[in-house]
>>> print(open('run_26.tsv').read())   # TSV, C-alpha atoms and all ligand atoms
chain	number	residue	atom	x	y	z
A	1	MET	CA	0.92	78.99	-20.97
A	2	PRO	CA	3.80	80.52	-22.97
A	3	PRO	CA	5.99	82.55	-20.56
A	4	TYR	CA	5.82	85.74	-22.68
A	5	LEU	CA	2.03	85.67	-22.46
A	6	ALA	CA	1.96	85.05	-18.71
A	7	GLN	CA	4.66	87.60	-17.92
A	8	THR	CA	4.24	90.39	-20.49
A	9	TYR	CA	0.64	90.17	-21.71
A	10	TRP	CA	-1.34	88.75	-18.74
A	11	TRP	CA	-3.16	92.08	-18.35
A	12	ALA	CA	-4.31	92.13	-21.99
A	13	TYR	CA	-5.33	88.53	-22.59
A	14	LEU	CA	-5.26	86.30	-19.48
A	15	HIS	CA	-6.67	88.28	-16.54
A	16	PRO	CA	-10.42	87.77	-16.05
A	17	ASN	CA	-10.88	91.53	-16.48
A	18	ALA	CA	-8.92	91.59	-19.75
A	19	VAL	CA	-11.83	90.50	-21.91
A	20	ARG	CA	-14.23	92.81	-20.07
A	21	VAL	CA	-11.95	95.78	-20.70
A	22	PHE	CA	-10.56	95.13	-24.18
A	23	GLU	CA	-13.45	93.45	-26.00
A	24	ARG	CA	-14.59	96.78	-27.40
A	25	GLN	CA	-14.37	97.69	-31.05
A	26	TRP	CA	-13.69	101.38	-30.35
A	27	LEU	CA	-10.86	100.53	-27.95
A	28	VAL	CA	-9.01	98.17	-30.31
A	29	ASN	CA	-9.48	100.78	-33.01
A	30	LEU	CA	-8.00	103.44	-30.72
A	31	ILE	CA	-5.01	101.21	-29.90
A	32	LEU	CA	-4.37	100.98	-33.66
A	33	TRP	CA	-4.73	104.76	-34.09
A	34	GLY	CA	-8.01	104.39	-36.00
A	35	ASN	CA	-6.63	101.78	-38.40
A	36	PHE	CA	-8.47	98.66	-37.18
A	37	ALA	CA	-11.10	98.59	-39.95
A	38	ARG	CA	-8.57	99.39	-42.64
A	39	LEU	CA	-6.21	96.60	-41.55
A	40	ARG	CA	-9.06	94.15	-40.98
A	41	ASP	CA	-10.58	94.84	-44.39
A	42	ALA	CA	-7.25	94.59	-46.19
A	43	ALA	CA	-6.67	91.15	-44.65
A	44	LEU	CA	-10.23	90.05	-45.45
A	45	ALA	CA	-9.85	91.28	-49.03
A	46	GLU	CA	-6.75	89.12	-49.42
A	47	LEU	CA	-8.75	86.11	-48.29
A	48	GLY	CA	-11.45	86.92	-50.83
A	49	ALA	CA	-14.99	88.31	-50.86
A	50	THR	CA	-16.09	84.70	-50.56
A	51	VAL	CA	-13.82	82.40	-48.61
A	52	ARG	CA	-13.69	78.81	-49.80
A	53	GLY	CA	-12.00	75.70	-48.46
A	54	ASN	CA	-10.25	75.48	-45.10
A	55	LEU	CA	-9.14	78.64	-43.35
A	56	LEU	CA	-7.13	78.84	-40.14
A	57	GLN	CA	-6.94	81.92	-37.91
A	58	VAL	CA	-4.08	81.61	-35.47
A	59	ALA	CA	-4.93	83.54	-32.27
A	60	CYS	CA	-8.13	85.34	-31.34
A	61	VAL	CA	-8.57	89.05	-31.99
A	62	TYR	CA	-10.67	91.51	-30.00
A	63	GLY	CA	-13.33	93.31	-32.04
A	64	ASP	CA	-15.18	92.08	-35.10
A	65	PHE	CA	-12.34	90.57	-37.14
A	66	THR	CA	-13.56	86.97	-36.80
A	67	PRO	CA	-17.30	87.75	-37.01
A	68	GLN	CA	-16.62	89.55	-40.31
A	69	LEU	CA	-14.57	86.61	-41.52
A	70	THR	CA	-17.35	84.13	-40.78
A	71	ARG	CA	-19.74	86.21	-42.90
A	72	ARG	CA	-17.56	85.55	-45.95
A	73	LEU	CA	-17.51	81.77	-45.63
A	74	ALA	CA	-18.87	80.03	-48.70
A	75	PRO	CA	-21.15	77.04	-48.15
A	76	GLY	CA	-18.85	74.13	-47.37
A	77	ALA	CA	-15.96	76.34	-46.25
A	78	HIS	CA	-14.58	75.91	-42.75
A	79	LEU	CA	-12.88	78.32	-40.38
A	80	SER	CA	-10.73	77.03	-37.50
A	81	VAL	CA	-9.56	79.50	-34.88
A	82	VAL	CA	-6.92	78.47	-32.36
A	83	ASP	CA	-5.73	80.28	-29.26
A	84	VAL	CA	-3.58	79.15	-26.37
A	85	ALA	CA	-5.60	81.01	-23.70
A	86	PRO	CA	-8.80	79.28	-22.52
A	87	ILE	CA	-10.37	82.65	-21.62
A	88	GLN	CA	-9.87	83.84	-25.20
A	89	VAL	CA	-11.32	80.63	-26.65
A	90	ALA	CA	-14.37	81.02	-24.42
A	91	ASN	CA	-14.74	84.70	-25.34
A	92	LEU	CA	-14.66	83.98	-29.07
A	93	GLN	CA	-17.13	81.12	-28.70
A	94	ARG	CA	-19.46	83.52	-26.88
A	95	LYS	CA	-18.90	86.27	-29.45
A	96	LEU	CA	-19.62	84.05	-32.46
A	97	GLY	CA	-22.29	81.81	-30.96
A	98	PRO	CA	-22.73	78.33	-32.39
A	99	HIS	CA	-21.73	78.26	-36.05
A	100	PRO	CA	-21.72	75.03	-38.08
A	101	GLN	CA	-18.74	76.15	-40.20
A	102	VAL	CA	-16.49	77.38	-37.39
A	103	SER	CA	-14.38	75.56	-34.77
A	104	VAL	CA	-12.63	77.41	-31.96
A	105	MET	CA	-9.94	75.36	-30.22
A	106	ARG	CA	-7.28	75.70	-27.59
A	107	GLN	CA	-3.94	75.19	-29.31
A	108	ASP	CA	-0.50	76.73	-29.23
A	109	ALA	CA	0.61	78.48	-32.41
A	110	THR	CA	4.04	76.87	-32.10
A	111	ALA	CA	2.71	73.30	-32.08
A	112	LEU	CA	-0.46	73.21	-34.18
A	113	ARG	CA	-2.46	70.01	-34.17
A	114	VAL	CA	-3.29	70.59	-37.83
A	115	ALA	CA	-2.25	68.39	-40.75
A	116	ASP	CA	0.50	69.44	-43.13
A	117	ALA	CA	-0.72	71.40	-46.20
A	118	SER	CA	-4.35	71.11	-45.08
A	119	GLN	CA	-5.29	74.82	-45.14
A	120	ASP	CA	-6.14	76.97	-48.16
A	121	ALA	CA	-5.32	80.09	-46.16
A	122	VAL	CA	-3.90	80.98	-42.76
A	123	VAL	CA	-4.18	84.37	-41.08
A	124	LEU	CA	-2.04	85.89	-38.32
A	125	PHE	CA	-3.49	89.21	-37.16
A	126	PHE	CA	-1.19	91.07	-34.75
A	127	LEU	CA	0.22	87.93	-33.14
A	128	LEU	CA	3.88	87.94	-34.17
A	129	HIS	CA	4.85	91.21	-32.47
A	130	GLU	CA	3.86	89.73	-29.13
A	131	GLN	CA	6.24	86.82	-29.42
A	132	PRO	CA	9.95	86.51	-28.69
A	133	ALA	CA	12.04	85.83	-31.80
A	134	ASP	CA	12.33	82.05	-31.42
A	135	VAL	CA	8.57	81.69	-30.80
A	136	ARG	CA	7.81	83.99	-33.76
A	137	ARG	CA	9.96	81.82	-36.04
A	138	GLN	CA	8.24	78.67	-34.85
A	139	THR	CA	4.77	80.24	-35.30
A	140	LEU	CA	5.61	81.15	-38.90
A	141	ALA	CA	7.09	77.69	-39.53
A	142	GLU	CA	3.89	76.09	-38.27
A	143	ALA	CA	1.65	78.46	-40.26
A	144	LEU	CA	3.56	77.63	-43.44
A	145	ARG	CA	3.63	73.91	-42.67
A	146	VAL	CA	-0.18	73.74	-42.57
A	147	THR	CA	-0.70	75.98	-45.65
A	148	ARG	CA	-1.12	73.98	-48.84
A	149	PRO	CA	1.15	74.69	-51.82
A	150	GLY	CA	-0.47	77.61	-53.65
A	151	GLY	CA	-2.34	78.62	-50.47
A	152	LYS	CA	-1.88	81.96	-48.73
A	153	LEU	CA	-0.48	83.05	-45.42
A	154	VAL	CA	-1.76	86.55	-44.58
A	155	VAL	CA	0.11	88.39	-41.82
A	156	VAL	CA	-0.89	91.79	-40.44
A	157	ASP	CA	1.30	93.38	-37.80
A	158	TYR	CA	3.48	96.27	-36.77
A	159	HIS	CA	6.29	97.44	-39.00
A	160	ARG	CA	8.77	100.29	-38.65
A	161	PRO	CA	7.31	103.81	-38.93
A	162	SER	CA	9.36	106.21	-40.99
A	163	ALA	CA	11.76	108.50	-39.14
A	164	TRP	CA	9.53	111.56	-39.72
A	165	HIS	CA	6.36	109.85	-38.45
A	166	PRO	CA	4.92	111.91	-35.57
A	167	LEU	CA	4.28	108.66	-33.69
A	168	HIS	CA	7.78	107.26	-34.19
A	169	LEU	CA	9.07	108.23	-30.75
A	170	PRO	CA	5.80	107.80	-28.81
A	171	MET	CA	5.23	104.34	-30.32
A	172	TRP	CA	8.82	103.34	-29.65
A	173	ALA	CA	8.34	104.30	-25.99
A	174	VAL	CA	4.96	102.54	-25.69
A	175	LEU	CA	6.19	99.34	-27.33
A	176	LYS	CA	9.46	99.31	-25.40
A	177	THR	CA	7.48	99.53	-22.16
A	178	LEU	CA	4.44	97.35	-22.84
A	179	GLU	CA	5.25	95.22	-25.88
A	180	PRO	CA	9.02	94.76	-25.93
A	181	PHE	CA	9.17	92.05	-28.63
A	182	ALA	CA	7.29	94.28	-31.10
A	183	LEU	CA	10.42	96.33	-31.69
A	184	ASP	CA	11.93	93.30	-33.45
A	185	LEU	CA	9.51	94.06	-36.29
A	186	TRP	CA	11.03	97.54	-36.56
A	187	GLN	CA	14.45	95.96	-37.07
A	188	ALA	CA	13.85	93.21	-39.58
A	189	ASP	CA	11.49	92.36	-42.40
A	190	MET	CA	9.09	89.42	-42.24
A	191	ALA	CA	11.21	87.34	-44.61
A	192	SER	CA	13.95	87.21	-42.00
A	193	TRP	CA	11.64	85.40	-39.54
A	194	LEU	CA	10.68	82.70	-42.03
A	195	PRO	CA	12.16	79.26	-41.50
A	196	PRO	CA	15.16	78.69	-43.76
A	197	GLY	CA	14.50	76.14	-46.45
A	198	THR	CA	10.70	76.44	-46.43
A	199	PRO	CA	9.53	76.70	-50.01
A	200	TRP	CA	7.27	79.65	-50.79
A	201	ALA	CA	6.28	80.98	-54.19
A	202	SER	CA	5.99	84.70	-53.47
A	203	LEU	CA	6.04	87.28	-50.71
A	204	THR	CA	4.32	90.65	-51.03
A	205	GLN	CA	4.62	93.34	-48.40
A	206	ARG	CA	2.48	96.46	-48.13
A	207	THR	CA	2.87	99.04	-45.41
A	208	CYS	CA	0.42	101.72	-44.31
A	209	PHE	CA	0.01	104.59	-41.84
A	210	GLY	CA	3.51	105.89	-42.47
A	211	GLY	CA	5.04	102.42	-42.18
A	212	LEU	CA	3.74	101.66	-38.68
A	213	TYR	CA	1.75	98.67	-39.96
A	214	GLN	CA	2.40	96.00	-42.56
A	215	GLN	CA	0.50	93.34	-44.39
A	216	VAL	CA	2.55	90.49	-45.76
A	217	VAL	CA	1.07	87.87	-48.04
A	218	ILE	CA	3.09	84.73	-48.61
A	219	VAL	CA	1.93	82.31	-51.27
A	220	ARG	CA	3.25	78.87	-50.41
A	301	LIG	C1	-3.68	87.93	-31.91
A	301	LIG	S1	-2.91	88.59	-30.58
A	301	LIG	C2	-3.32	90.31	-30.61
A	301	LIG	C3	-4.55	90.73	-31.31
A	301	LIG	C4	-4.93	92.17	-31.23
A	301	LIG	N1	-3.99	92.98	-30.53
A	301	LIG	C5	-6.29	92.31	-30.65
A	301	LIG	O1	-6.83	93.38	-30.74
A	301	LIG	O2	-6.86	91.37	-30.11
A	301	LIG	C6	-3.68	88.15	-29.10
A	301	LIG	C7	-4.02	86.70	-28.93
A	301	LIG	O3	-2.93	85.86	-29.20
A	301	LIG	C8	-3.01	84.74	-28.35
A	301	LIG	N2	-1.72	84.06	-28.36
A	301	LIG	C9	-0.53	84.55	-27.97
A	301	LIG	N3	0.44	83.63	-28.10
A	301	LIG	C10	-0.16	82.52	-28.62
A	301	LIG	C11	0.30	81.23	-28.99
A	301	LIG	N4	1.59	80.88	-28.84
A	301	LIG	N5	-0.58	80.36	-29.49
A	301	LIG	C12	-1.88	80.70	-29.65
A	301	LIG	N6	-2.39	81.89	-29.29
A	301	LIG	C13	-1.54	82.80	-28.79
A	301	LIG	C14	-3.42	85.35	-27.02
A	301	LIG	O4	-3.95	84.40	-26.13
A	301	LIG	C15	-4.43	86.38	-27.48
A	301	LIG	O5	-5.74	85.89	-27.49
>>> encode(input="run_26.tsv", output="structure tokens")
Amino acid sequence: MPPYLAQTYWWAYLHPNAVRVFERQWLVNLILWGNFARLRDAALAELGATVRGNLLQVACVYGDFTPQLTRRLAPGAHLSVVDVAPIQVANLQRKLGPHPQVSVMRQDATALRVADASQDAVVLFFLLHEQPADVRRQTLAEALRVTRPGGKLVVVDYHRPSAWHPLHLPMWAVLKTLEPFALDLWQADMASWLPPGTPWASLTQRTCFGGLYQQVVIVR
């Protein structure tokens, strides 16, 4: 188990009670200040109303992000979801039920057992802020490695709220206490975490909710 997960996030993802407590749509929405559906739908829109080809979701997400994604799969499309925590893999398998177009597997984001350039799209939904800088860089390197040229990497995560944002100070205090690596995303843009030398065609960043959240789309 990655040390940051075992030491900093055990209560949210690894403890047997974590799934019982957090697997609630209203709670994940509350944690995102009412922005869950907006961020989910923006990411899904980037992937397309109908998702074709091979899609990889790196890390499970509480709430209905993945169920909504599966509803968009075109016949013949395939969604792989990987997560390093067995309890999260089991929870998602239970949440989705058997689905012929979906595989849920235990894998580490920093060492994906996925072929180079094999995915039409890859999605990272609120994973990077949980990771220390070196792990974040390796996760992005792996996500780009498996994305085919012309394919999309869609990242949704925290960003830096503007100075006048009423939640600037409260969020700084919450993140500093509970999610210390998240403040990295206040300091530096996504491009700075990308592996040097990796070719990508374009990078588009959109922020919302006063800059607290960002969506970054990288076309490989
Ligand atoms: C995507 S993030 C946060 C999602 C969001 N906060 C939510 O509401 O669920 C949480 C997931 O990332 C997984 N995770 C963290 N580090 C990982 C890694 N290195 N490889 C794969 N999964 C990882 C955790 O096990 C957890 O299931």
>>> residues_around(input="run_26.tsv", residues="Pro149 in chain A", least_positions_apart="4", cutoff="12 Å", atoms="all atoms listed in the file", output="number ranges by chain")
A: 116-121, 144-145, 153, 198-202, 218-220
>>> residues_near_ligand(input="run_26.tsv", ligand="ligand LIG 301 (chain A)", cutoff="8 Å", atoms="all atoms listed in the file", output="mmCIF file with C-alpha atoms, in the frame of the given file")
data_model
loop_
_atom_site.group_PDB
_atom_site.id
_atom_site.type_symbol
_atom_site.label_atom_id
_atom_site.label_comp_id
_atom_site.auth_asym_id
_atom_site.auth_seq_id
_atom_site.Cartn_x
_atom_site.Cartn_y
_atom_site.Cartn_z
ATOM 1 C CA PRO A 2 3.800 80.520 -22.970
ATOM 2 C CA TYR A 4 5.820 85.740 -22.680
ATOM 3 C CA LEU A 5 2.030 85.670 -22.460
ATOM 4 C CA ALA A 12 -4.310 92.130 -21.990
ATOM 5 C CA TYR A 13 -5.330 88.530 -22.590
ATOM 6 C CA LEU A 14 -5.260 86.300 -19.480
ATOM 7 C CA PHE A 22 -10.560 95.130 -24.180
ATOM 8 C CA VAL A 28 -9.010 98.170 -30.310
ATOM 9 C CA VAL A 58 -4.080 81.610 -35.470
ATOM 10 C CA ALA A 59 -4.930 83.540 -32.270
ATOM 11 C CA CYS A 60 -8.130 85.340 -31.340
ATOM 12 C CA VAL A 61 -8.570 89.050 -31.990
ATOM 13 C CA TYR A 62 -10.670 91.510 -30.000
ATOM 14 C CA GLY A 63 -13.330 93.310 -32.040
ATOM 15 C CA VAL A 82 -6.920 78.470 -32.360
ATOM 16 C CA ASP A 83 -5.730 80.280 -29.260
ATOM 17 C CA VAL A 84 -3.580 79.150 -26.370
ATOM 18 C CA ALA A 85 -5.600 81.010 -23.700
ATOM 19 C CA PRO A 86 -8.800 79.280 -22.520
ATOM 20 C CA GLN A 88 -9.870 83.840 -25.200
ATOM 21 C CA VAL A 89 -11.320 80.630 -26.650
ATOM 22 C CA ARG A 106 -7.280 75.700 -27.590
ATOM 23 C CA GLN A 107 -3.940 75.190 -29.310
ATOM 24 C CA ASP A 108 -0.500 76.730 -29.230
ATOM 25 C CA ALA A 109 0.610 78.480 -32.410
ATOM 26 C CA THR A 110 4.040 76.870 -32.100
ATOM 27 C CA LEU A 124 -2.040 85.890 -38.320
ATOM 28 C CA PHE A 125 -3.490 89.210 -37.160
ATOM 29 C CA PHE A 126 -1.190 91.070 -34.750
ATOM 30 C CA LEU A 127 0.220 87.930 -33.140
ATOM 31 C CA LEU A 128 3.880 87.940 -34.170
ATOM 32 C CA GLU A 130 3.860 89.730 -29.130
ATOM 33 C CA GLN A 131 6.240 86.820 -29.420
ATOM 34 C CA VAL A 135 8.570 81.690 -30.800
ATOM 35 C CA THR A 139 4.770 80.240 -35.300
#
>>> closest_residue(input="run_26.tsv", among="A:Gly76, A:Arg206, A:Tyr9, A:Tyr213", to="Pro180 in chain A", atoms="all atoms listed in the file")
A:Tyr9
>>> residues_around(input="run_26.tsv", residues="range 159-164 of chain A", least_positions_apart="4", cutoff="10 Å", atoms="all atoms listed in the file", output="PDB file with C-alpha atoms, keeping the file's coordinate frame")
ATOM      1  CA  HIS A 129       4.850  91.210 -32.470  1.00  0.00           C
ATOM      2  CA  HIS A 168       7.780 107.260 -34.190  1.00  0.00           C
ATOM      3  CA  LEU A 169       9.070 108.230 -30.750  1.00  0.00           C
ATOM      4  CA  MET A 171       5.230 104.340 -30.320  1.00  0.00           C
ATOM      5  CA  TRP A 172       8.820 103.340 -29.650  1.00  0.00           C
ATOM      6  CA  ALA A 182       7.290  94.280 -31.100  1.00  0.00           C
ATOM      7  CA  LEU A 183      10.420  96.330 -31.690  1.00  0.00           C
ATOM      8  CA  ASP A 184      11.930  93.300 -33.450  1.00  0.00           C
ATOM      9  CA  LEU A 185       9.510  94.060 -36.290  1.00  0.00           C
ATOM     10  CA  TRP A 186      11.030  97.540 -36.560  1.00  0.00           C
ATOM     11  CA  GLN A 187      14.450  95.960 -37.070  1.00  0.00           C
ATOM     12  CA  ALA A 188      13.850  93.210 -39.580  1.00  0.00           C
ATOM     13  CA  ASP A 189      11.490  92.360 -42.400  1.00  0.00           C
ATOM     14  CA  MET A 190       9.090  89.420 -42.240  1.00  0.00           C
ATOM     15  CA  ARG A 206       2.480  96.460 -48.130  1.00  0.00           C
ATOM     16  CA  THR A 207       2.870  99.040 -45.410  1.00  0.00           C
ATOM     17  CA  CYS A 208       0.420 101.720 -44.310  1.00  0.00           C
ATOM     18  CA  PHE A 209       0.010 104.590 -41.840  1.00  0.00           C
ATOM     19  CA  GLY A 210       3.510 105.890 -42.470  1.00  0.00           C
ATOM     20  CA  GLY A 211       5.040 102.420 -42.180  1.00  0.00           C
ATOM     21  CA  LEU A 212       3.740 101.660 -38.680  1.00  0.00           C
ATOM     22  CA  TYR A 213       1.750  98.670 -39.960  1.00  0.00           C
ATOM     23  CA  GLN A 214       2.400  96.000 -42.560  1.00  0.00           C
ATOM     24  CA  GLN A 215       0.500  93.340 -44.390  1.00  0.00           C
TER      25      GLN A 215
END
>>> closest_residue(input="run_26.tsv", among="A:Glu179, A:Gly151, A:Ala143, A:Asn17", to="Arg113 in chain A", atoms="only C-alpha atoms")
A:Ala143
>>> residues_around(input="run_26.tsv", residues="Ala43 in chain A", least_positions_apart="5", cutoff="10 Å", atoms="only C-alpha atoms", output="list in words")
Ala37, Arg38, Gly48, Phe65, Leu69, Val123, Leu124, Phe125, Val154, Val155, Val156, Gln215, Val216 and Val217 of chain A
>>> atom_distance(input="run_26.tsv", atom1="CA of Gln93 in chain A", atom2="CA of Val21 in chain A")
17.5 Å
>>> residues_around(input="run_26.tsv", residues="Pro16 in chain A", least_positions_apart="3", cutoff="8 Å", atoms="only C-alpha atoms", output="list in words")
Val19, Arg20 and Ile87 of chain A
>>> atom_distance(input="run_26.tsv", atom1="CA of Thr147 in chain A", atom2="CA of Leu96 in chain A")
24.4 Å
>>> atom_distance(input="run_26.tsv", atom1="CA of Val51 in chain A", atom2="CA of Ala141 in chain A")
23.3 Å
>>> closest_residue(input="run_26.tsv", among="A:Gln205, A:Asn54, A:Asn91, A:Thr66", to="Leu79 in chain A", atoms="only C-alpha atoms")
A:Asn54
>>> axis_aligned_box(input="run_26.tsv", around="range 196-200 of chain A", padding_each_side="8 Å", output="lines of an AutoDock Vina configuration file")
center_x = 11.2
center_y = 77.9
center_z = -47.3
size_x = 23.9
size_y = 19.5
size_z = 23.0
>>> closest_residue(input="run_26.tsv", among="A:Val146, A:Asp157, A:Pro170, A:Leu194", to="Asn35 in chain A", atoms="all atoms listed in the file")
A:Asp157
>>> closest_residue(input="run_26.tsv", among="A:Ala111, A:Ala6, A:Asp64, A:Arg52", to="Leu27 in chain A", atoms="all atoms listed in the file")
A:Asp64
